[in-house]
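Below is one structure; the comments refer to it alone.
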Amino acid sequence: MFGEHVHSTRAEQKRRTAARVVRAAAHLFQEQGFQSTTVRQIAGRAGVSVGAVMAVGDKESLLSLVYDQAIADRVPPPPGPAGAGAAPPAVEYLAHYFDPFLALFAENDDLARAYFRTLARGRPENAALGALRALSEDNLTAAMVNDGMDEARARLAAQVMFAGYLGELMLLAAGTTEPRQTATRLRTIAAFVTAQEGN
């Protein structure tokens with residue numbers, strides 16, 4: 001029993017330390033930019049050792065954690081069933097689902113590009129992207145099912161939406177498009193996938 005309490009306390013302390021490190025990284029990345037921020041500076045801001053920072057992750061991993069948390073905080077919940085009142089149709093929800101994420105990326109172009117490069121490397125520690133994918137696909141699926149779409153078709157449509165979103169992020173990172181065009185194309189994908197029910 002005593003051992004369980006010690007383990008629980010250590011796990012909680014580790015979680016709090018990781019949260020401090022991610023917050024410190026977020027502030028420094030915002031203030032100085034990704035390239036100018038060092039792991040030593042993050043450690044100093046968080047009040048921990050460099051080793052404690054590295055236990056959470058290197059700079060790229062920390063940037064992924066910063067963005068993944070910021071994105072997760074902005075995920076809009078799916079609307080209720082269509083008969084439950086004024087729930088918007090699935091196409092409206094899908095058309096605007098990624099708007100908060102695009103707004104986040106527009107807030108700091110340099111940081112967004114660094115994050116995109118990290119995603120493009122496909123490092124195994126980018127597990128949070130997998131969590132975001134699962135959450136987004138579940139939300140998008142629920143919105144379409146609540147709007148009357150068959151669940152299997154809705155799941156496939158949600159996968160198409162998320163894949164389209166990632167593709168658009170890569171185009172943004174490459175500088176071959178701009179956020180308004182991205183938002184327009186995501187709305188077109190939303191209209192397409194929700195129009196497939198009767199076909």
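In the structure tokens, each chain is lettered A, B, ... as it comes, each chain's residues begin at 1, and ligands are numbered from 1 in order of appearance.
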
Report as an mmCIF file with N, CA and C atoms, in the first residue's frame all protein, DNA and RNA residues lying within 6 Å of A:Ala46, evaluated on only C-alpha atoms, omitting residues in the same chain fewer than 5 positions from it.
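What follows is the written file out38.cif:
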data_model
loop_
_atom_site.group_PDB
_atom_site.id
_atom_site.type_symbol
_atom_site.label_atom_id
_atom_site.label_comp_id
_atom_site.auth_asym_id
_atom_site.auth_seq_id
_atom_site.Cartn_x
_atom_site.Cartn_y
_atom_site.Cartn_z
ATOM 1 N N ARG A 20 5.059 21.757 -16.588
ATOM 2 C CA ARG A 20 5.862 22.980 -16.427
ATOM 3 C C ARG A 20 6.829 23.155 -17.596
ATOM 4 N N VAL A 21 7.445 22.062 -17.999
ATOM 5 C CA VAL A 21 8.394 22.112 -19.117
ATOM 6 C C VAL A 21 7.687 22.536 -20.402
ATOM 7 N N ALA A 24 6.805 26.221 -20.220
ATOM 8 C CA ALA A 24 8.010 27.039 -20.386
ATOM 9 C C ALA A 24 8.430 27.063 -21.851
#

Which residues of stretch 73-177 of chain A have any atom within 12 Å of an atom in stretch 184-198 of chain A when counting only C-alpha atoms, and what is the closest pair of atoms for each, with the distance in Å to one decimal? Order the rows by chain and rising number and write it as JSON lines.
{"residue": "A:Pro89", "atom": "CA", "partner": "A:Thr194", "partner_atom": "CA", "distance": 9.6}
{"residue": "A:Ala90", "atom": "CA", "partner": "A:Thr194", "partner_atom": "CA", "distance": 7.2}
{"residue": "A:Val91", "atom": "CA", "partner": "A:Ala190", "partner_atom": "CA", "distance": 5.7}
{"residue": "A:Glu92", "atom": "CA", "partner": "A:Ala190", "partner_atom": "CA", "distance": 8.0}
{"residue": "A:Tyr93", "atom": "CA", "partner": "A:Ala190", "partner_atom": "CA", "distance": 8.6}
{"residue": "A:Leu94", "atom": "CA", "partner": "A:Ala190", "partner_atom": "CA", "distance": 5.5}
{"residue": "A:Ala95", "atom": "CA", "partner": "A:Arg187", "partner_atom": "CA", "distance": 4.3}
{"residue": "A:His96", "atom": "CA", "partner": "A:Arg187", "partner_atom": "CA", "distance": 7.2}
{"residue": "A:Tyr97", "atom": "CA", "partner": "A:Leu186", "partner_atom": "CA", "distance": 9.1}
{"residue": "A:Phe98", "atom": "CA", "partner": "A:Leu186", "partner_atom": "CA", "distance": 8.0}
{"residue": "A:Asp99", "atom": "CA", "partner": "A:Leu186", "partner_atom": "CA", "distance": 9.2}
{"residue": "A:Leu102", "atom": "CA", "partner": "A:Leu186", "partner_atom": "CA", "distance": 10.7}
{"residue": "A:Leu140", "atom": "CA", "partner": "A:Ala190", "partner_atom": "CA", "distance": 10.0}
{"residue": "A:Thr141", "atom": "CA", "partner": "A:Thr194", "partner_atom": "CA", "distance": 10.7}
{"residue": "A:Ala143", "atom": "CA", "partner": "A:Thr194", "partner_atom": "CA", "distance": 10.4}
{"residue": "A:Met144", "atom": "CA", "partner": "A:Thr194", "partner_atom": "CA", "distance": 7.5}
{"residue": "A:Val145", "atom": "CA", "partner": "A:Thr194", "partner_atom": "CA", "distance": 10.5}
{"residue": "A:Asp147", "atom": "CA", "partner": "A:Thr194", "partner_atom": "CA", "distance": 9.6}
{"residue": "A:Gly148", "atom": "CA", "partner": "A:Glu197", "partner_atom": "CA", "distance": 9.1}
{"residue": "A:Met149", "atom": "CA", "partner": "A:Glu197", "partner_atom": "CA", "distance": 6.5}
{"residue": "A:Asp150", "atom": "CA", "partner": "A:Glu197", "partner_atom": "CA", "distance": 7.8}
{"residue": "A:Glu151", "atom": "CA", "partner": "A:Glu197", "partner_atom": "CA", "distance": 10.6}
{"residue": "A:Ala152", "atom": "CA", "partner": "A:Glu197", "partner_atom": "CA", "distance": 10.8}
{"residue": "A:Arg153", "atom": "CA", "partner": "A:Glu197", "partner_atom": "CA", "distance": 7.5}
{"residue": "A:Ala154", "atom": "CA", "partner": "A:Thr194", "partner_atom": "CA", "distance": 8.3}
{"residue": "A:Arg155", "atom": "CA", "partner": "A:Val193", "partner_atom": "CA", "distance": 10.5}
{"residue": "A:Leu156", "atom": "CA", "partner": "A:Val193", "partner_atom": "CA", "distance": 8.9}
{"residue": "A:Ala157", "atom": "CA", "partner": "A:Val193", "partner_atom": "CA", "distance": 5.4}
{"residue": "A:Ala158", "atom": "CA", "partner": "A:Val193", "partner_atom": "CA", "distance": 8.2}
{"residue": "A:Gln159", "atom": "CA", "partner": "A:Val193", "partner_atom": "CA", "distance": 10.0}
{"residue": "A:Val160", "atom": "CA", "partner": "A:Val193", "partner_atom": "CA", "distance": 7.7}
{"residue": "A:Met161", "atom": "CA", "partner": "A:Ile189", "partner_atom": "CA", "distance": 6.6}
{"residue": "A:Phe162", "atom": "CA", "partner": "A:Leu186", "partner_atom": "CA", "distance": 9.5}
{"residue": "A:Ala163", "atom": "CA", "partner": "A:Ile189", "partner_atom": "CA", "distance": 10.3}
{"residue": "A:Gly164", "atom": "CA", "partner": "A:Leu186", "partner_atom": "CA", "distance": 7.0}
{"residue": "A:Tyr165", "atom": "CA", "partner": "A:Leu186", "partner_atom": "CA", "distance": 6.8}
{"residue": "A:Leu166", "atom": "CA", "partner": "A:Leu186", "partner_atom": "CA", "distance": 10.4}
{"residue": "A:Gly167", "atom": "CA", "partner": "A:Leu186", "partner_atom": "CA", "distance": 10.1}
{"residue": "A:Glu168", "atom": "CA", "partner": "A:Leu186", "partner_atom": "CA", "distance": 8.1}
{"residue": "A:Leu169", "atom": "CA", "partner": "A:Leu186", "partner_atom": "CA", "distance": 10.8}
{"residue": "A:Leu171", "atom": "CA", "partner": "A:Arg185", "partner_atom": "CA", "distance": 11.6}
{"residue": "A:Thr177", "atom": "CA", "partner": "A:Arg185", "partner_atom": "CA", "distance": 10.6}

What residues in stretch 13-199 of chain A get the DSSP label helix (DSSP H, G or I)? Please answer as a ChimeraX atom specification. /A:13-32,39-46,50-56,59-74,82-84,90-97,99-107,109-121,127-146,151-174,179-194

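With distances taken over only C-alpha atoms, A:Pro79 is the one residue among A:Glu178, A:Ala55, A:Pro79, A:Ala11 lying closest to A:Asn139.
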